[in-house]
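A short worksheet on the structure shown next.
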Amino acid sequence: MIDLYRWKHDDCTIGRLTLGKFQCFTLELPWINNEPDISCIPVGLYDYYSRVSPKNGLVLELADVYSRRYIQIHSGNYTRNTQGCILVGDGVKWIDSDDIPDITNSVNTLEKLLKRAGTAGKIKIH
């Protein structure tokens, strides 16, 4: 099972994702009442499955997120790269000049996660 522990801030949500010995950072939008495309998702236990997204390539997609569809774990470095999804990376830095934390090495981190996560499983978001 994937565990994701998150810390919510006014401008973003930063997290630490673990799957066995694998660990990485996550970046999401701030909590805005679970509004589609502009909010991180609620805490909970979700099923996930791998799929090929036309926009994001191979991703992990979460099932049955209340009032939401197509919630994915995919690559991206900035909050502007997520529309309510979860981005993964190996570090947290300020890459651009918008004063919102960013994550690094996202494509490689996602590849490592996909190898370990299998085609389906569960994710617990704390």
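Every chain in the structure tokens takes a letter, A first, then B, and so on in the order presented; its residues are numbered from 1, and the ligands are numbered from 1 following the presented order.
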### Query
Which residues come within 9 Å of A:Val43, counting only C-alpha atoms, excluding same-chain residues fewer than 4 positions away, as number ranges by chain?
A: 124-126
### Query
Using only C-alpha atoms, which residues sit within 10 Å of A:Asp90 once same-chain residues fewer than 5 positions away are excluded, as a VMD selection string?
chain A and resid 16 23 to 26 103 to 110
#### Entry: Contacts of A:Ser67 at 10 Å (only C-alpha atoms; same-chain gap of 3+ positions) as an MDAnalysis selection string
chainID A and resid 34:36 41 64
### Residues within 6 Å of stretch 83-88 of chain A, only C-alpha atoms, excluding chain neighbours under 4 positions, as number ranges by chain
A: 25-28, 37-40, 71-76, 106
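The spacing separating atom CA of A:Pro30 from atom CA of A:Asp99 amounts to 14.1 Å.
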### Query
Among chain A, which residues carry a DSSP assignment of strand (DSSP E or B), reported as a ChimeraX atom specification?
/A:2-8,13-19,22-28,44-53,57-62,71-74,86-89,91-93,102-104,120-125
Could you save the residues just selected, with C-alpha atoms, as an mmCIF file, in the first residue's frame?
```cif
data_model
loop_
_atom_site.group_PDB
_atom_site.id
_atom_site.type_symbol
_atom_site.label_atom_id
_atom_site.label_comp_id
_atom_site.auth_asym_id
_atom_site.auth_seq_id
_atom_site.Cartn_x
_atom_site.Cartn_y
_atom_site.Cartn_z
ATOM 1 C CA ILE A 2 1.117 3.538 -0.774
ATOM 2 C CA ASP A 3 1.057 5.991 2.143
ATOM 3 C CA LEU A 4 0.943 9.731 1.545
ATOM 4 C CA TYR A 5 1.396 12.124 4.468
ATOM 5 C CA ARG A 6 0.657 15.759 3.562
ATOM 6 C CA TRP A 7 1.222 19.233 4.955
ATOM 7 C CA LYS A 8 -1.237 21.828 3.740
ATOM 8 C CA THR A 13 0.170 20.953 -0.390
ATOM 9 C CA ILE A 14 3.488 19.153 0.100
ATOM 10 C CA GLY A 15 3.662 15.478 0.932
ATOM 11 C CA ARG A 16 5.886 12.470 1.542
ATOM 12 C CA LEU A 17 4.857 9.346 -0.319
ATOM 13 C CA THR A 18 6.157 5.936 0.740
ATOM 14 C CA LEU A 19 5.819 2.492 -0.800
ATOM 15 C CA PHE A 22 10.699 3.840 -1.758
ATOM 16 C CA GLN A 23 10.082 7.465 -0.745
ATOM 17 C CA CYS A 24 9.472 10.656 -2.669
ATOM 18 C CA PHE A 25 7.890 14.081 -2.315
ATOM 19 C CA THR A 26 4.525 15.137 -3.678
ATOM 20 C CA LEU A 27 3.083 18.470 -4.718
ATOM 21 C CA GLU A 28 -0.591 19.319 -4.949
ATOM 22 C CA GLY A 44 -8.949 8.815 2.657
ATOM 23 C CA LEU A 45 -8.224 5.341 1.365
ATOM 24 C CA TYR A 46 -8.448 4.997 -2.412
ATOM 25 C CA ASP A 47 -7.905 2.260 -4.955
ATOM 26 C CA TYR A 48 -5.511 3.096 -7.773
ATOM 27 C CA TYR A 49 -4.748 1.524 -11.117
ATOM 28 C CA SER A 50 -2.226 2.252 -13.842
ATOM 29 C CA ARG A 51 -3.433 3.636 -17.144
ATOM 30 C CA VAL A 52 -2.183 5.608 -20.103
ATOM 31 C CA SER A 53 -3.507 9.153 -20.016
ATOM 32 C CA GLY A 57 1.267 9.234 -20.391
ATOM 33 C CA LEU A 58 1.517 6.297 -17.984
ATOM 34 C CA VAL A 59 0.036 7.333 -14.626
ATOM 35 C CA LEU A 60 -1.561 5.949 -11.498
ATOM 36 C CA GLU A 61 -5.213 6.967 -11.375
ATOM 37 C CA LEU A 62 -7.219 7.071 -8.161
ATOM 38 C CA ILE A 71 -7.292 12.156 -10.339
ATOM 39 C CA GLN A 72 -3.813 10.979 -11.254
ATOM 40 C CA ILE A 73 -0.329 10.654 -9.866
ATOM 41 C CA HIS A 74 1.818 11.993 -12.697
ATOM 42 C CA ILE A 86 -0.664 14.604 -7.390
ATOM 43 C CA LEU A 87 2.819 15.328 -8.729
ATOM 44 C CA VAL A 88 5.861 13.335 -7.565
ATOM 45 C CA GLY A 89 9.537 14.299 -7.316
ATOM 46 C CA GLY A 91 13.198 17.041 -3.826
ATOM 47 C CA VAL A 92 11.435 20.281 -2.921
ATOM 48 C CA LYS A 93 12.939 23.551 -4.213
ATOM 49 C CA ASP A 102 8.262 23.123 -6.625
ATOM 50 C CA ILE A 103 9.444 19.512 -6.894
ATOM 51 C CA THR A 104 12.436 18.184 -8.822
ATOM 52 C CA ALA A 120 -3.319 -1.711 -9.104
ATOM 53 C CA GLY A 121 -3.342 -1.214 -5.357
ATOM 54 C CA LYS A 122 -4.399 1.090 -2.554
ATOM 55 C CA ILE A 123 -3.229 4.530 -1.451
ATOM 56 C CA LYS A 124 -3.897 5.954 2.001
ATOM 57 C CA ILE A 125 -3.815 9.752 2.089
#
```
### Task
Using atom CA of A:Met1 and atom CA of A:Tyr66 as the two end points, give the distance in Å to one decimal.
20.2 Å
In chain A, DSSP helix (DSSP H, G or I) residues written as a PDB file with N, CA and C atoms, in the first residue's frame:
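Wrote selection.pdb, looks like this:
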```pdb
ATOM      1  N   THR A  79       2.865  23.718  -9.315  1.00  0.00           N
ATOM      2  CA  THR A  79       1.426  23.595  -9.061  1.00  0.00           C
ATOM      3  C   THR A  79       0.623  23.865 -10.334  1.00  0.00           C
ATOM      4  N   ARG A  80       1.169  24.651 -11.254  1.00  0.00           N
ATOM      5  CA  ARG A  80       0.450  24.897 -12.508  1.00  0.00           C
ATOM      6  C   ARG A  80       0.414  23.654 -13.404  1.00  0.00           C
ATOM      7  N   ASN A  81       1.190  22.616 -13.072  1.00  0.00           N
ATOM      8  CA  ASN A  81       1.180  21.361 -13.831  1.00  0.00           C
ATOM      9  C   ASN A  81       0.121  20.389 -13.329  1.00  0.00           C
ATOM     10  N   SER A 106      10.943  14.984 -11.533  1.00  0.00           N
ATOM     11  CA  SER A 106       9.628  14.367 -11.490  1.00  0.00           C
ATOM     12  C   SER A 106       9.487  13.170 -12.428  1.00  0.00           C
ATOM     13  N   VAL A 107       9.976  13.275 -13.655  1.00  0.00           N
ATOM     14  CA  VAL A 107       9.814  12.173 -14.614  1.00  0.00           C
ATOM     15  C   VAL A 107      10.496  10.906 -14.109  1.00  0.00           C
ATOM     16  N   ASN A 108      11.728  11.034 -13.648  1.00  0.00           N
ATOM     17  CA  ASN A 108      12.452   9.865 -13.131  1.00  0.00           C
ATOM     18  C   ASN A 108      11.809   9.301 -11.873  1.00  0.00           C
ATOM     19  N   THR A 109      11.325  10.185 -11.015  1.00  0.00           N
ATOM     20  CA  THR A 109      10.668   9.731  -9.789  1.00  0.00           C
ATOM     21  C   THR A 109       9.392   8.966 -10.111  1.00  0.00           C
ATOM     22  N   LEU A 110       8.619   9.472 -11.060  1.00  0.00           N
ATOM     23  CA  LEU A 110       7.397   8.770 -11.452  1.00  0.00           C
ATOM     24  C   LEU A 110       7.729   7.390 -12.025  1.00  0.00           C
ATOM     25  N   GLU A 111       8.755   7.295 -12.849  1.00  0.00           N
ATOM     26  CA  GLU A 111       9.154   5.996 -13.410  1.00  0.00           C
ATOM     27  C   GLU A 111       9.490   4.996 -12.300  1.00  0.00           C
ATOM     28  N   LYS A 112      10.214   5.443 -11.289  1.00  0.00           N
ATOM     29  CA  LYS A 112      10.564   4.564 -10.167  1.00  0.00           C
ATOM     30  C   LYS A 112       9.306   4.123  -9.409  1.00  0.00           C
ATOM     31  N   LEU A 113       8.386   5.054  -9.182  1.00  0.00           N
ATOM     32  CA  LEU A 113       7.152   4.721  -8.484  1.00  0.00           C
ATOM     33  C   LEU A 113       6.319   3.723  -9.288  1.00  0.00           C
ATOM     34  N   LEU A 114       6.195   3.950 -10.585  1.00  0.00           N
ATOM     35  CA  LEU A 114       5.390   3.059 -11.420  1.00  0.00           C
ATOM     36  C   LEU A 114       5.931   1.633 -11.407  1.00  0.00           C
ATOM     37  N   LYS A 115       7.244   1.476 -11.386  1.00  0.00           N
ATOM     38  CA  LYS A 115       7.850   0.136 -11.333  1.00  0.00           C
ATOM     39  C   LYS A 115       7.489  -0.596 -10.052  1.00  0.00           C
ATOM     40  N   ARG A 116       7.380   0.143  -8.963  1.00  0.00           N
ATOM     41  CA  ARG A 116       7.113  -0.470  -7.662  1.00  0.00           C
ATOM     42  C   ARG A 116       5.621  -0.635  -7.362  1.00  0.00           C
ATOM     43  N   ALA A 117       4.793   0.215  -7.943  1.00  0.00           N
ATOM     44  CA  ALA A 117       3.376   0.248  -7.575  1.00  0.00           C
ATOM     45  C   ALA A 117       2.547  -0.849  -8.221  1.00  0.00           C
TER      46      ALA A 117
END
```
